[in-house]
$ cat my_file_21.cif   # mmCIF, C-alpha atoms
data_final
#
loop_
_atom_site.label_atom_id
_atom_site.label_comp_id
_atom_site.auth_asym_id
_atom_site.auth_seq_id
_atom_site.Cartn_x
_atom_site.Cartn_y
_atom_site.Cartn_z
CA MET A 1 -19.41 -108.09 -121.84
CA SER A 2 -22.07 -108.25 -119.22
CA LEU A 3 -25.48 -106.76 -118.75
CA ALA A 4 -25.74 -103.71 -116.55
CA ARG A 5 -27.24 -104.39 -113.14
CA ARG A 6 -30.52 -102.50 -113.00
CA ILE A 7 -31.78 -100.09 -110.36
CA ILE A 8 -35.58 -100.00 -110.24
CA PRO A 9 -37.71 -97.61 -108.19
CA CYS A 10 -41.15 -98.93 -107.34
CA LEU A 11 -44.28 -96.82 -106.94
CA ASP A 12 -47.14 -98.19 -104.86
CA THR A 13 -50.42 -96.56 -105.85
CA ASP A 14 -54.10 -96.86 -105.04
CA GLY A 15 -54.66 -96.80 -108.77
CA ALA A 16 -54.27 -93.07 -109.16
CA ARG A 17 -52.02 -91.76 -106.37
CA VAL A 18 -48.79 -92.84 -104.73
CA VAL A 19 -49.75 -94.21 -101.34
CA LYS A 20 -46.50 -94.03 -99.43
CA GLY A 21 -45.20 -90.65 -98.40
CA VAL A 22 -43.09 -88.97 -101.01
CA ARG A 23 -40.89 -86.10 -99.97
CA PHE A 24 -39.72 -84.32 -103.05
CA ALA A 25 -39.98 -80.60 -102.59
CA ASP A 26 -39.37 -79.97 -106.26
CA LEU A 27 -42.34 -81.94 -107.55
CA ARG A 28 -45.50 -79.99 -108.31
CA ASP A 29 -47.57 -82.93 -107.12
CA ALA A 30 -45.54 -85.47 -105.19
CA GLY A 31 -48.46 -87.87 -105.11
CA ASP A 32 -48.71 -88.17 -108.88
CA PRO A 33 -47.05 -91.44 -109.96
CA VAL A 34 -46.55 -90.09 -113.48
CA LEU A 35 -44.50 -87.07 -112.37
CA LEU A 36 -42.55 -89.24 -109.97
CA ALA A 37 -41.83 -91.88 -112.61
CA ALA A 38 -40.66 -89.20 -115.04
CA ARG A 39 -38.35 -87.81 -112.38
CA TYR A 40 -36.78 -91.24 -111.82
CA ASP A 41 -36.33 -91.56 -115.58
CA ARG A 42 -34.37 -88.29 -115.62
CA GLU A 43 -32.31 -89.35 -112.60
CA GLY A 44 -31.05 -92.51 -114.24
CA ALA A 45 -33.45 -95.25 -113.13
CA ASP A 46 -33.17 -98.24 -115.46
CA GLU A 47 -36.81 -99.13 -115.26
CA VAL A 48 -39.87 -98.18 -113.20
CA VAL A 49 -42.43 -100.46 -111.55
CA VAL A 50 -45.90 -99.06 -110.83
CA LEU A 51 -48.18 -101.18 -108.67
CA ASP A 52 -51.88 -100.96 -107.93
CA ILE A 53 -51.88 -102.11 -104.32
CA ALA A 54 -55.61 -101.50 -103.94
CA ALA A 55 -56.28 -103.76 -106.92
CA THR A 56 -60.03 -103.55 -106.60
CA ARG A 57 -62.48 -103.56 -109.47
CA ASP A 58 -62.96 -99.84 -108.88
CA SER A 59 -59.29 -98.98 -109.00
CA ARG A 60 -58.66 -100.91 -112.22
CA PRO A 61 -59.76 -98.37 -114.89
CA THR A 62 -57.98 -95.57 -113.00
CA PHE A 63 -54.82 -97.66 -112.79
CA VAL A 64 -54.87 -98.44 -116.51
CA ASN A 65 -55.15 -94.72 -117.14
CA THR A 66 -52.20 -94.04 -114.81
CA ILE A 67 -50.14 -96.57 -116.78
CA ARG A 68 -51.19 -94.92 -120.05
CA ARG A 69 -50.06 -91.51 -118.80
CA ALA A 70 -46.81 -92.89 -117.37
CA ALA A 71 -45.95 -94.78 -120.56
CA ARG A 72 -46.29 -91.57 -122.57
CA GLU A 73 -43.74 -89.81 -120.38
CA LEU A 74 -41.15 -92.54 -119.87
CA SER A 75 -38.13 -93.27 -122.03
CA ILE A 76 -37.30 -96.37 -119.98
CA PRO A 77 -39.22 -99.64 -119.47
CA LEU A 78 -42.37 -99.64 -117.40
CA THR A 79 -43.71 -102.60 -115.44
CA ALA A 80 -47.29 -102.64 -114.17
CA GLY A 81 -48.69 -104.95 -111.55
CA GLY A 82 -51.00 -105.57 -108.66
CA GLY A 83 -54.22 -107.48 -109.01
CA ILE A 84 -53.55 -108.85 -112.50
CA ARG A 85 -55.86 -111.87 -112.57
CA ASP A 86 -56.01 -112.96 -116.19
CA LEU A 87 -54.98 -112.28 -119.75
CA SER A 88 -57.50 -109.50 -120.19
CA ASP A 89 -56.16 -107.60 -117.14
CA ALA A 90 -52.63 -108.05 -118.50
CA ARG A 91 -53.60 -106.97 -122.00
CA ALA A 92 -55.26 -103.83 -120.66
CA VAL A 93 -52.04 -102.53 -119.09
CA VAL A 94 -49.85 -103.68 -121.99
CA GLU A 95 -52.11 -101.93 -124.49
CA ALA A 96 -51.90 -98.86 -122.27
CA GLY A 97 -48.13 -98.95 -122.73
CA ALA A 98 -46.64 -101.17 -120.00
CA ASP A 99 -43.72 -103.27 -121.22
CA LYS A 100 -44.19 -105.95 -118.60
CA VAL A 101 -46.80 -107.12 -116.14
CA THR A 102 -46.26 -108.76 -112.78
CA VAL A 103 -48.48 -111.58 -111.59
CA ASN A 104 -48.45 -112.97 -108.10
CA THR A 105 -51.52 -114.49 -106.40
CA ALA A 106 -53.24 -115.35 -109.68
CA ALA A 107 -50.21 -117.35 -110.83
CA VAL A 108 -50.12 -119.32 -107.57
CA ARG A 109 -53.78 -120.20 -108.05
CA ASP A 110 -53.31 -121.07 -111.71
CA PRO A 111 -49.66 -121.58 -112.73
CA GLY A 112 -50.82 -122.08 -116.32
CA LEU A 113 -51.58 -118.36 -116.42
CA LEU A 114 -47.84 -117.68 -116.83
CA THR A 115 -47.76 -119.68 -120.07
CA THR A 116 -51.00 -118.10 -121.28
CA LEU A 117 -49.54 -114.64 -120.75
CA ALA A 118 -46.17 -115.56 -122.30
CA ASP A 119 -47.84 -117.02 -125.40
CA ALA A 120 -49.90 -113.89 -125.89
CA LEU A 121 -47.45 -111.17 -124.84
CA GLY A 122 -44.03 -112.83 -125.05
CA ALA A 123 -42.04 -114.19 -122.08
CA GLN A 124 -40.15 -110.88 -121.85
CA ALA A 125 -43.40 -109.21 -120.73
CA VAL A 126 -44.23 -111.66 -117.95
CA VAL A 127 -42.79 -111.09 -114.49
CA LEU A 128 -43.58 -113.57 -111.75
CA ALA A 129 -43.73 -111.68 -108.46
CA ILE A 130 -42.95 -113.84 -105.44
CA ASP A 131 -43.41 -112.68 -101.86
CA ALA A 132 -41.35 -114.99 -99.65
CA ARG A 133 -40.67 -115.29 -95.96
CA ARG A 134 -38.27 -117.42 -94.01
CA ALA A 135 -39.70 -120.70 -92.78
CA GLY A 136 -37.30 -123.17 -91.21
CA ALA A 137 -34.34 -123.76 -93.47
CA GLY A 138 -36.09 -122.28 -96.48
CA TRP A 139 -38.59 -119.67 -97.60
CA GLU A 140 -42.29 -120.03 -98.16
CA VAL A 141 -44.41 -118.19 -100.70
CA CYS A 142 -47.14 -115.89 -99.42
CA VAL A 143 -50.03 -114.49 -101.44
CA ARG A 144 -52.63 -111.76 -101.10
CA GLY A 145 -50.15 -108.97 -100.55
CA GLY A 146 -47.82 -111.20 -98.56
CA ARG A 147 -50.39 -111.87 -95.87
CA GLU A 148 -51.21 -115.49 -96.55
CA PRO A 149 -48.70 -118.38 -96.73
CA CYS A 150 -49.65 -120.81 -99.47
CA GLY A 151 -47.36 -123.75 -98.71
CA LEU A 152 -45.09 -123.40 -101.74
CA ASP A 153 -41.31 -123.33 -101.41
CA ALA A 154 -40.06 -120.05 -102.88
CA VAL A 155 -37.05 -121.52 -104.72
CA ALA A 156 -39.11 -124.35 -106.22
CA TRP A 157 -41.90 -121.96 -107.20
CA ALA A 158 -39.44 -119.60 -108.92
CA ALA A 159 -38.02 -122.52 -110.89
CA GLU A 160 -41.47 -123.69 -111.88
CA GLY A 161 -42.43 -120.15 -112.88
CA ALA A 162 -39.43 -119.94 -115.19
CA ARG A 163 -40.31 -123.34 -116.69
CA ARG A 164 -43.79 -122.00 -117.33
CA GLN A 165 -42.20 -119.11 -119.23
CA ALA A 166 -42.12 -116.25 -116.79
CA GLY A 167 -39.39 -114.03 -118.27
CA GLU A 168 -38.28 -112.60 -114.96
CA ILE A 169 -38.72 -113.11 -111.22
CA LEU A 170 -39.47 -110.19 -108.89
CA LEU A 171 -38.51 -111.56 -105.51
CA THR A 172 -39.59 -109.73 -102.37
CA SER A 173 -38.50 -110.70 -98.88
CA ILE A 174 -41.48 -110.09 -96.63
CA ASP A 175 -39.20 -110.30 -93.59
CA ARG A 176 -37.09 -107.41 -94.87
CA ASP A 177 -39.71 -105.33 -96.71
CA GLY A 178 -40.04 -101.93 -95.07
CA THR A 179 -37.32 -102.63 -92.48
CA GLN A 180 -34.39 -100.99 -94.29
CA SER A 181 -32.16 -103.71 -92.82
CA GLY A 182 -30.72 -104.87 -96.15
CA PHE A 183 -31.85 -107.38 -98.77
CA ASP A 184 -32.26 -111.05 -97.83
CA VAL A 185 -29.14 -111.94 -99.78
CA ASP A 186 -29.36 -115.68 -99.03
CA LEU A 187 -32.87 -115.87 -100.45
CA VAL A 188 -31.90 -113.91 -103.55
CA ALA A 189 -28.82 -116.06 -104.18
CA ARG A 190 -30.77 -119.28 -103.79
CA VAL A 191 -33.39 -118.18 -106.31
CA ALA A 192 -30.99 -116.47 -108.74
CA ASP A 193 -28.81 -119.59 -108.84
CA ALA A 194 -31.85 -121.84 -109.39
CA VAL A 195 -33.52 -120.09 -112.33
CA PRO A 196 -32.33 -119.35 -115.88
CA VAL A 197 -34.14 -115.98 -116.00
CA PRO A 198 -33.25 -112.59 -114.48
CA VAL A 199 -34.08 -111.99 -110.82
CA ILE A 200 -35.07 -108.62 -109.36
CA ALA A 201 -34.34 -108.43 -105.63
CA SER A 202 -36.71 -106.45 -103.46
CA GLY A 203 -37.28 -105.69 -99.79
CA GLY A 204 -35.00 -104.10 -97.21
CA ALA A 205 -32.77 -101.77 -99.22
CA ARG A 206 -31.15 -98.93 -97.32
CA THR A 207 -27.48 -98.33 -98.12
CA PRO A 208 -25.36 -98.50 -101.28
CA GLU A 209 -23.56 -101.45 -99.64
CA ASP A 210 -26.88 -103.32 -99.49
CA PHE A 211 -27.11 -103.04 -103.28
CA LEU A 212 -23.48 -104.06 -103.73
CA ARG A 213 -24.05 -107.20 -101.63
CA VAL A 214 -27.25 -108.20 -103.40
CA PHE A 215 -25.49 -107.95 -106.77
CA GLU A 216 -22.17 -109.55 -105.76
CA THR A 217 -23.27 -112.18 -103.25
CA GLY A 218 -26.96 -112.45 -104.11
CA HIS A 219 -26.30 -112.66 -107.88
CA ALA A 220 -29.31 -110.40 -108.49
CA ASP A 221 -29.77 -108.99 -111.98
CA ALA A 222 -31.67 -105.98 -110.71
CA ALA A 223 -32.62 -104.40 -107.39
CA LEU A 224 -35.85 -102.67 -106.55
CA ALA A 225 -36.58 -100.19 -103.80
CA ALA A 226 -39.26 -97.69 -102.91
CA SER A 227 -39.04 -95.59 -99.78
CA ILE A 228 -35.30 -94.91 -99.79
CA PHE A 229 -35.70 -93.29 -103.21
CA HIS A 230 -39.01 -91.55 -102.44
CA ASP A 231 -37.69 -90.18 -99.14
CA ASP A 232 -34.49 -88.97 -100.80
CA LEU A 233 -32.36 -91.13 -98.49
CA LEU A 234 -30.40 -92.37 -101.49
CA ALA A 235 -30.10 -90.79 -104.92
CA ILE A 236 -29.90 -93.12 -107.93
CA LYS A 237 -27.00 -91.15 -109.36
CA GLN A 238 -24.88 -91.56 -106.23
CA LEU A 239 -25.88 -95.20 -105.87
CA LYS A 240 -24.77 -95.94 -109.41
CA ALA A 241 -21.52 -94.02 -108.99
CA PHE A 242 -20.77 -96.10 -105.88
CA LEU A 243 -21.59 -99.39 -107.64
CA ALA A 244 -19.46 -98.44 -110.66
CA SER A 245 -16.54 -97.60 -108.35
CA ARG A 246 -16.83 -101.10 -106.90
CA GLY A 247 -16.76 -102.75 -110.30
CA VAL A 248 -20.47 -103.46 -110.74
CA PRO A 249 -21.55 -102.80 -114.32
CA VAL A 250 -24.22 -100.09 -114.30
CA ARG A 251 -25.56 -97.69 -116.89
CA ALA A 252 -24.24 -94.27 -115.93
CA ALA A 253 -27.00 -92.09 -114.51
CA MET B 1 -43.77 -85.59 -142.65
CA SER B 2 -45.91 -88.71 -142.55
CA VAL B 3 -44.46 -91.24 -140.13
CA VAL B 4 -46.37 -94.49 -140.23
CA LEU B 5 -46.26 -96.96 -137.33
CA VAL B 6 -47.22 -100.43 -138.43
CA ASP B 7 -49.85 -101.81 -136.07
CA TYR B 8 -50.03 -105.57 -136.37
CA GLY B 9 -52.04 -105.97 -133.21
CA ALA B 10 -49.49 -106.83 -130.55
CA GLY B 11 -46.64 -104.33 -130.75
CA ASN B 12 -46.05 -101.87 -127.96
CA LEU B 13 -47.15 -98.85 -129.99
CA PRO B 14 -47.82 -96.36 -127.16
CA SER B 15 -44.15 -96.37 -126.18
CA VAL B 16 -42.96 -95.66 -129.70
CA GLU B 17 -45.66 -93.02 -130.18
CA GLY B 18 -44.64 -91.41 -126.89
CA ALA B 19 -40.98 -91.34 -127.92
CA LEU B 20 -41.83 -89.73 -131.28
CA ARG B 21 -44.14 -87.22 -129.60
CA ARG B 22 -41.32 -86.20 -127.26
CA LEU B 23 -39.28 -85.50 -130.40
CA GLY B 24 -42.11 -83.34 -131.68
CA VAL B 25 -43.00 -85.71 -134.51
CA PRO B 26 -46.56 -86.92 -134.91
CA SER B 27 -47.10 -90.42 -136.18
CA ARG B 28 -50.09 -92.39 -137.32
CA ARG B 29 -50.88 -96.04 -136.81
CA CYS B 30 -51.54 -98.18 -139.79
CA SER B 31 -53.09 -101.63 -139.75
CA THR B 32 -54.05 -101.61 -143.44
CA PRO B 33 -51.90 -101.41 -146.57
CA GLU B 34 -53.06 -97.99 -147.84
CA PRO B 35 -51.11 -95.57 -145.57
CA LEU B 36 -47.85 -97.31 -146.51
CA ALA B 37 -48.22 -96.11 -150.10
CA ASP B 38 -47.49 -92.45 -149.31
CA ALA B 39 -45.49 -92.74 -146.07
CA ASP B 40 -42.35 -90.64 -145.68
CA ALA B 41 -41.03 -93.05 -143.08
CA VAL B 42 -42.15 -96.45 -141.83
CA ILE B 43 -41.51 -97.87 -138.37
CA LEU B 44 -42.19 -101.55 -137.75
CA PRO B 45 -42.14 -102.10 -133.98
CA GLY B 46 -42.51 -105.54 -132.54
CA VAL B 47 -42.53 -107.48 -129.34
CA GLY B 48 -43.42 -111.02 -128.46
CA HIS B 49 -43.39 -114.13 -130.58
CA PHE B 50 -42.37 -114.36 -134.25
CA SER B 51 -45.29 -116.57 -135.29
CA PRO B 52 -48.32 -114.35 -134.52
CA PHE B 53 -46.28 -111.42 -135.80
CA ALA B 54 -45.67 -112.98 -139.23
CA ALA B 55 -49.26 -114.26 -139.36
CA ALA B 56 -50.64 -110.78 -138.61
CA LEU B 57 -48.58 -109.20 -141.40
CA ASP B 58 -50.21 -111.63 -143.85
CA ARG B 59 -53.71 -111.42 -142.39
CA ARG B 60 -53.67 -107.63 -142.63
CA GLY B 61 -52.18 -107.68 -146.11
CA LEU B 62 -49.12 -105.74 -144.97
CA ARG B 63 -46.36 -108.00 -146.31
CA GLN B 64 -46.21 -106.80 -149.92
CA PRO B 65 -46.83 -103.11 -149.12
CA LEU B 66 -43.94 -103.25 -146.63
CA LEU B 67 -41.68 -104.87 -149.22
CA ASP B 68 -42.78 -102.24 -151.77
CA ALA B 69 -41.95 -99.42 -149.36
CA ILE B 70 -38.52 -100.95 -148.71
CA ALA B 71 -37.97 -101.30 -152.48
CA ARG B 72 -38.90 -97.63 -153.01
CA GLU B 73 -36.25 -96.82 -150.39
CA VAL B 74 -38.72 -95.19 -148.03
CA PRO B 75 -36.79 -94.88 -144.75
CA PHE B 76 -37.72 -97.98 -142.79
CA LEU B 77 -36.92 -98.78 -139.16
CA GLY B 78 -37.55 -102.24 -137.74
CA ILE B 79 -37.48 -102.46 -133.95
CA CYS B 80 -36.75 -105.77 -132.15
CA LEU B 81 -39.12 -108.25 -133.82
CA GLY B 82 -39.48 -105.63 -136.57
CA LEU B 83 -35.75 -106.03 -137.29
CA GLN B 84 -35.96 -109.82 -137.07
CA ALA B 85 -38.78 -109.72 -139.65
CA LEU B 86 -36.22 -108.64 -142.28
CA TRP B 87 -34.70 -112.12 -142.38
CA GLU B 88 -36.28 -115.13 -144.12
CA GLY B 89 -37.54 -116.73 -140.95
CA SER B 90 -36.83 -117.60 -137.35
CA GLU B 91 -35.99 -120.63 -135.27
CA GLU B 92 -38.68 -119.36 -132.93
CA ALA B 93 -41.35 -120.30 -135.47
CA PRO B 94 -39.92 -122.54 -138.21
CA MET B 95 -43.13 -122.45 -140.26
CA ALA B 96 -43.54 -118.65 -140.26
CA ARG B 97 -42.15 -116.52 -143.07
CA GLY B 98 -40.21 -113.32 -142.54
CA LEU B 99 -39.97 -110.55 -145.14
CA GLY B 100 -36.85 -112.17 -146.56
CA VAL B 101 -35.01 -108.94 -147.33
CA LEU B 102 -31.92 -110.41 -145.65
CA PRO B 103 -30.67 -113.95 -146.25
CA GLY B 104 -30.74 -116.52 -143.47
CA ARG B 105 -32.72 -117.04 -140.34
CA ILE B 106 -33.02 -115.66 -136.84
CA ALA B 107 -31.47 -117.99 -134.24
CA ALA B 108 -32.01 -118.52 -130.53
CA LEU B 109 -29.45 -116.95 -128.24
CA PRO B 110 -27.35 -119.76 -126.77
CA ALA B 111 -28.12 -121.43 -123.45
CA GLY B 112 -25.62 -120.58 -120.73
CA VAL B 113 -26.65 -116.96 -120.42
CA LYS B 114 -29.83 -115.81 -118.72
CA LEU B 115 -32.70 -115.58 -121.17
CA PRO B 116 -34.56 -113.51 -122.19
CA HIS B 117 -31.66 -111.14 -122.76
CA MET B 118 -33.34 -108.41 -120.81
CA GLY B 119 -31.93 -105.13 -119.66
CA TRP B 120 -29.27 -102.61 -120.57
CA ASN B 121 -26.32 -103.89 -122.54
CA ARG B 122 -23.57 -102.20 -124.49
CA LEU B 123 -23.47 -101.69 -128.23
CA ARG B 124 -20.18 -102.47 -129.95
CA ARG B 125 -19.65 -100.32 -133.02
CA LEU B 126 -17.84 -102.17 -135.80
CA SER B 127 -14.88 -100.24 -137.10
CA GLY B 128 -15.00 -99.02 -140.67
CA ARG B 129 -18.80 -99.12 -140.89
CA THR B 130 -20.44 -95.74 -141.11
CA SER B 131 -23.82 -95.35 -139.46
CA ARG B 132 -26.36 -92.60 -139.82
CA LEU B 133 -28.47 -94.08 -137.05
CA LEU B 134 -25.64 -93.97 -134.51
CA GLU B 135 -24.38 -90.46 -135.25
CA GLY B 136 -23.68 -88.80 -131.91
CA VAL B 137 -24.04 -92.08 -130.00
CA ALA B 138 -21.07 -93.38 -127.97
CA PRO B 139 -19.59 -96.52 -129.62
CA ASP B 140 -20.25 -98.54 -126.45
CA ALA B 141 -23.50 -96.91 -125.33
CA TYR B 142 -25.93 -98.82 -123.13
CA VAL B 143 -29.31 -99.56 -124.74
CA TYR B 144 -32.30 -101.61 -123.62
CA PHE B 145 -32.81 -105.13 -124.95
CA ALA B 146 -35.65 -107.62 -124.37
CA HIS B 147 -35.38 -110.69 -126.62
CA SER B 148 -34.32 -114.34 -126.81
CA PHE B 149 -33.65 -114.59 -130.55
CA ALA B 150 -31.37 -112.54 -132.79
CA GLY B 151 -29.97 -112.15 -136.30
CA SER B 152 -26.40 -112.91 -137.36
CA ALA B 153 -23.90 -110.08 -137.27
CA ASP B 154 -23.40 -110.03 -141.07
CA GLY B 155 -24.02 -106.54 -142.33
CA ALA B 156 -24.33 -105.03 -138.87
CA VAL B 157 -22.95 -101.58 -138.11
CA ALA B 158 -23.07 -102.38 -134.41
CA VAL B 159 -23.34 -105.66 -132.57
CA CYS B 160 -24.02 -106.77 -129.03
CA ASP B 161 -22.16 -109.56 -127.26
CA TYR B 162 -24.37 -111.74 -125.09
CA GLY B 163 -23.70 -115.46 -125.28
CA THR B 164 -22.93 -114.84 -128.93
CA THR B 165 -22.40 -111.83 -131.16
CA PHE B 166 -25.54 -110.62 -132.93
CA THR B 167 -26.81 -107.67 -134.94
CA ALA B 168 -27.77 -104.78 -132.69
CA VAL B 169 -27.98 -102.18 -135.46
CA PHE B 170 -28.47 -102.89 -139.15
CA GLU B 171 -28.20 -100.29 -141.83
CA ARG B 172 -28.26 -100.49 -145.63
CA GLY B 173 -29.34 -97.43 -147.60
CA ALA B 174 -32.71 -96.38 -146.23
CA LEU B 175 -33.26 -99.71 -144.51
CA PHE B 176 -32.59 -99.63 -140.77
CA GLY B 177 -33.17 -102.04 -137.93
CA VAL B 178 -32.34 -102.20 -134.25
CA GLN B 179 -32.57 -105.21 -131.97
CA PHE B 180 -32.83 -102.99 -128.92
CA HIS B 181 -35.74 -100.71 -128.04
CA PRO B 182 -34.83 -97.08 -128.81
CA GLU B 183 -38.18 -96.01 -127.35
CA LYS B 184 -37.02 -97.52 -124.03
CA SER B 185 -33.35 -96.57 -124.17
CA GLY B 186 -33.44 -93.16 -122.52
CA ALA B 187 -31.50 -90.30 -124.08
CA VAL B 188 -29.48 -92.62 -126.35
CA GLY B 189 -32.68 -94.05 -127.79
CA SER B 190 -34.01 -90.56 -128.53
CA VAL B 191 -30.87 -89.77 -130.51
CA VAL B 192 -31.28 -92.95 -132.56
CA LEU B 193 -34.92 -92.16 -133.34
CA ARG B 194 -34.09 -88.56 -134.21
CA ASN B 195 -31.31 -89.74 -136.53
CA PHE B 196 -33.75 -92.07 -138.25
CA LEU B 197 -36.31 -89.29 -138.74
CA GLU B 198 -33.53 -87.09 -140.16
CA THR B 199 -33.00 -89.57 -142.98
CA ALA B 200 -36.63 -89.04 -143.99
CA ARG B 201 -36.42 -85.26 -144.23
#
$ encode --input "my_file_21.cif" --output "structure tokens"
Amino acid sequence: MSLARRIIPCLDTDGARVVKGVRFADLRDAGDPVLLAARYDREGADEVVVLDIAATRDSRPTFVNTIRRAARELSIPLTAGGGIRDLSDARAVVEAGADKVTVNTAAVRDPGLLTTLADALGAQAVVLAIDARRAGAGWEVCVRGGREPCGLDAVAWAAEGARRQAGEILLTSIDRDGTQSGFDVDLVARVADAVPVPVIASGGARTPEDFLRVFETGHADAALAASIFHDDLLAIKQLKAFLASRGVPVRAA
Amino acid sequence: MSVVLVDYGAGNLPSVEGALRRLGVPSRRCSTPEPLADADAVILPGVGHFSPFAAALDRRGLRQPLLDAIAREVPFLGICLGLQALWEGSEEAPMARGLGVLPGRIAALPAGVKLPHMGWNRLRRLSGRTSRLLEGVAPDAYVYFAHSFAGSADGAVAVCDYGTTFTAVFERGALFGVQFHPEKSGAVGSVVLRNFLETAR
């Protein structure tokens, strides 16, 4: 029997508020990540990711408080990320109730951080976030919010991350992010086939068929999206019904 | 009703507290032996590595009070690592001692499947085993797992199949344990927690 493929909405915040437009008429405060996360929980999301995209020293305490409030409301796993630099940043969000933390730039600078976090929190709590863009025949890793290429090969970096005990890879295609032109299925397949840990595909989702392809051809374990869910372009319930009808194991919404 | 959550320093307590609060049941954290003496129900949550977990139980003097509570048949629920603690030990930390209520040791899930076993997987109810914890839960319900080690299926009322077959739900008298995270398993998880609290009423 196989694991259900997961559908994961992602909320980008400035620490306190969702930064991308959210168009839910029925929410009292559509900018509150906690209300939005709770709504996704009710709609059948398998997990929620909440990111602090400001990730400044000022936004940190507010973000930890947002995670604390979200964790209280959610009956599904919660991942927190954005600007996690060290064990104490990671501990702060885990103690606030996050089940997992994502690390990106800080892990590129110090790959040993992954092992430090896994030893302290368990590998299941450590998600290596990789922002990758096409470069020649492969993909290169970019840091600092995807702005800065760092010379690493994405597939090799994912494999090293797993060796260093990251429990999961959150893989975002910078080329596809925000374009709604479908996941970079080749990238996802290359990484998913190269690592022994689950891979969450991100960047470019638009249609139910995009999700079907990233699961079937991309071998993704989970798929993450933001705007198509926030803008009500695709409902999780319908997406899961479609995937189930095509033989993809999903937890009924 | 006094529901005590054992705080050994690394468990994800806010999630369990939140789940209990949503059921309308207050809980209190305990990191010392005393509150275990008059608890109506004990929940031992756990995430992470077996070694610091076992060490913290000893350092905080919680081992014997937990065993005493189990012996008095106070309803006890171990979650994830809290279930694994019932066995004698774990391959994850060969030197660390579990509570030893169940014979044998926790083993690594086999290579060949993606590890950690992370995400929603199906329970498989074993026929002929009654379960108070799973009353009202579909026999093949999806629940949320996050672990790389697991206990043998002996004595299980429900198992999960992932690389091997392991205990997903254990039940013996007032002693309960789940390898999955009911506090993270949506509506199904709430039912499991409510069923557990019912046994303490």
$ residues_around --input "my_file_21.cif" --residues "Pro65 of chain B" --least-positions-apart "3" --cutoff "9 Å" --atoms "all atoms listed in the file" --output "VMD selection string"
chain B and resid 33 to 34 36 to 37 61 to 62 68 to 70
$ resolve_selection --input "my_file_21.cif" --expression "the PyMOL selection byres ((chain B) within 8 of (chain A))" --output "ChimeraX atom specification"
/B:10,12-15,17-19,47-49,113-116,118-122,142,146-147,161-162,183-187,189
$ write_last_selection --input "my_file_21.cif" --atoms "C-alpha atoms" --output "PDB file, keeping the file's coordinate frame"
ATOM      1  CA  ALA B  10     -49.490-106.830-130.550  1.00  0.00           C
ATOM      2  CA  ASN B  12     -46.050-101.870-127.960  1.00  0.00           C
ATOM      3  CA  LEU B  13     -47.150 -98.850-129.990  1.00  0.00           C
ATOM      4  CA  PRO B  14     -47.820 -96.360-127.160  1.00  0.00           C
ATOM      5  CA  SER B  15     -44.150 -96.370-126.180  1.00  0.00           C
ATOM      6  CA  GLU B  17     -45.660 -93.020-130.180  1.00  0.00           C
ATOM      7  CA  GLY B  18     -44.640 -91.410-126.890  1.00  0.00           C
ATOM      8  CA  ALA B  19     -40.980 -91.340-127.920  1.00  0.00           C
ATOM      9  CA  VAL B  47     -42.530-107.480-129.340  1.00  0.00           C
ATOM     10  CA  GLY B  48     -43.420-111.020-128.460  1.00  0.00           C
ATOM     11  CA  HIS B  49     -43.390-114.130-130.580  1.00  0.00           C
ATOM     12  CA  VAL B 113     -26.650-116.960-120.420  1.00  0.00           C
ATOM     13  CA  LYS B 114     -29.830-115.810-118.720  1.00  0.00           C
ATOM     14  CA  LEU B 115     -32.700-115.580-121.170  1.00  0.00           C
ATOM     15  CA  PRO B 116     -34.560-113.510-122.190  1.00  0.00           C
ATOM     16  CA  MET B 118     -33.340-108.410-120.810  1.00  0.00           C
ATOM     17  CA  GLY B 119     -31.930-105.130-119.660  1.00  0.00           C
ATOM     18  CA  TRP B 120     -29.270-102.610-120.570  1.00  0.00           C
ATOM     19  CA  ASN B 121     -26.320-103.890-122.540  1.00  0.00           C
ATOM     20  CA  ARG B 122     -23.570-102.200-124.490  1.00  0.00           C
ATOM     21  CA  TYR B 142     -25.930 -98.820-123.130  1.00  0.00           C
ATOM     22  CA  ALA B 146     -35.650-107.620-124.370  1.00  0.00           C
ATOM     23  CA  HIS B 147     -35.380-110.690-126.620  1.00  0.00           C
ATOM     24  CA  ASP B 161     -22.160-109.560-127.260  1.00  0.00           C
ATOM     25  CA  TYR B 162     -24.370-111.740-125.090  1.00  0.00           C
ATOM     26  CA  GLU B 183     -38.180 -96.010-127.350  1.00  0.00           C
ATOM     27  CA  LYS B 184     -37.020 -97.520-124.030  1.00  0.00           C
ATOM     28  CA  SER B 185     -33.350 -96.570-124.170  1.00  0.00           C
ATOM     29  CA  GLY B 186     -33.440 -93.160-122.520  1.00  0.00           C
ATOM     30  CA  ALA B 187     -31.500 -90.300-124.080  1.00  0.00           C
ATOM     31  CA  GLY B 189     -32.680 -94.050-127.790  1.00  0.00           C
TER      32      GLY B 189
END
$ resolve_selection --input "my_file_21.cif" --expression "the PyMOL selection byres ((chain B and resi 97) around 10)" --output "ChimeraX atom specification"
/B:50-51,53-55,57-58,85-90,93-96,98-100,105
$ residues_around --input "my_file_21.cif" --residues "Leu187 of chain A" --least-positions-apart "5" --cutoff "10 Å" --atoms "all atoms listed in the file" --output "PyMOL selection string"
chain A and resi 132-134+138-139+154-155+171-173+192+201+214+218
$ closest_residue --input "my_file_21.cif" --among "A:Glu216, A:Val101, A:Arg39, A:Ala205" --to "Leu233 of chain A" --atoms "all atoms listed in the file"
A:Ala205
$ closest_residue --input "my_file_21.cif" --among "A:Arg109, A:Arg206, A:Arg163, A:Arg147" --to "His230 of chain A" --atoms "all atoms listed in the file"
A:Arg206
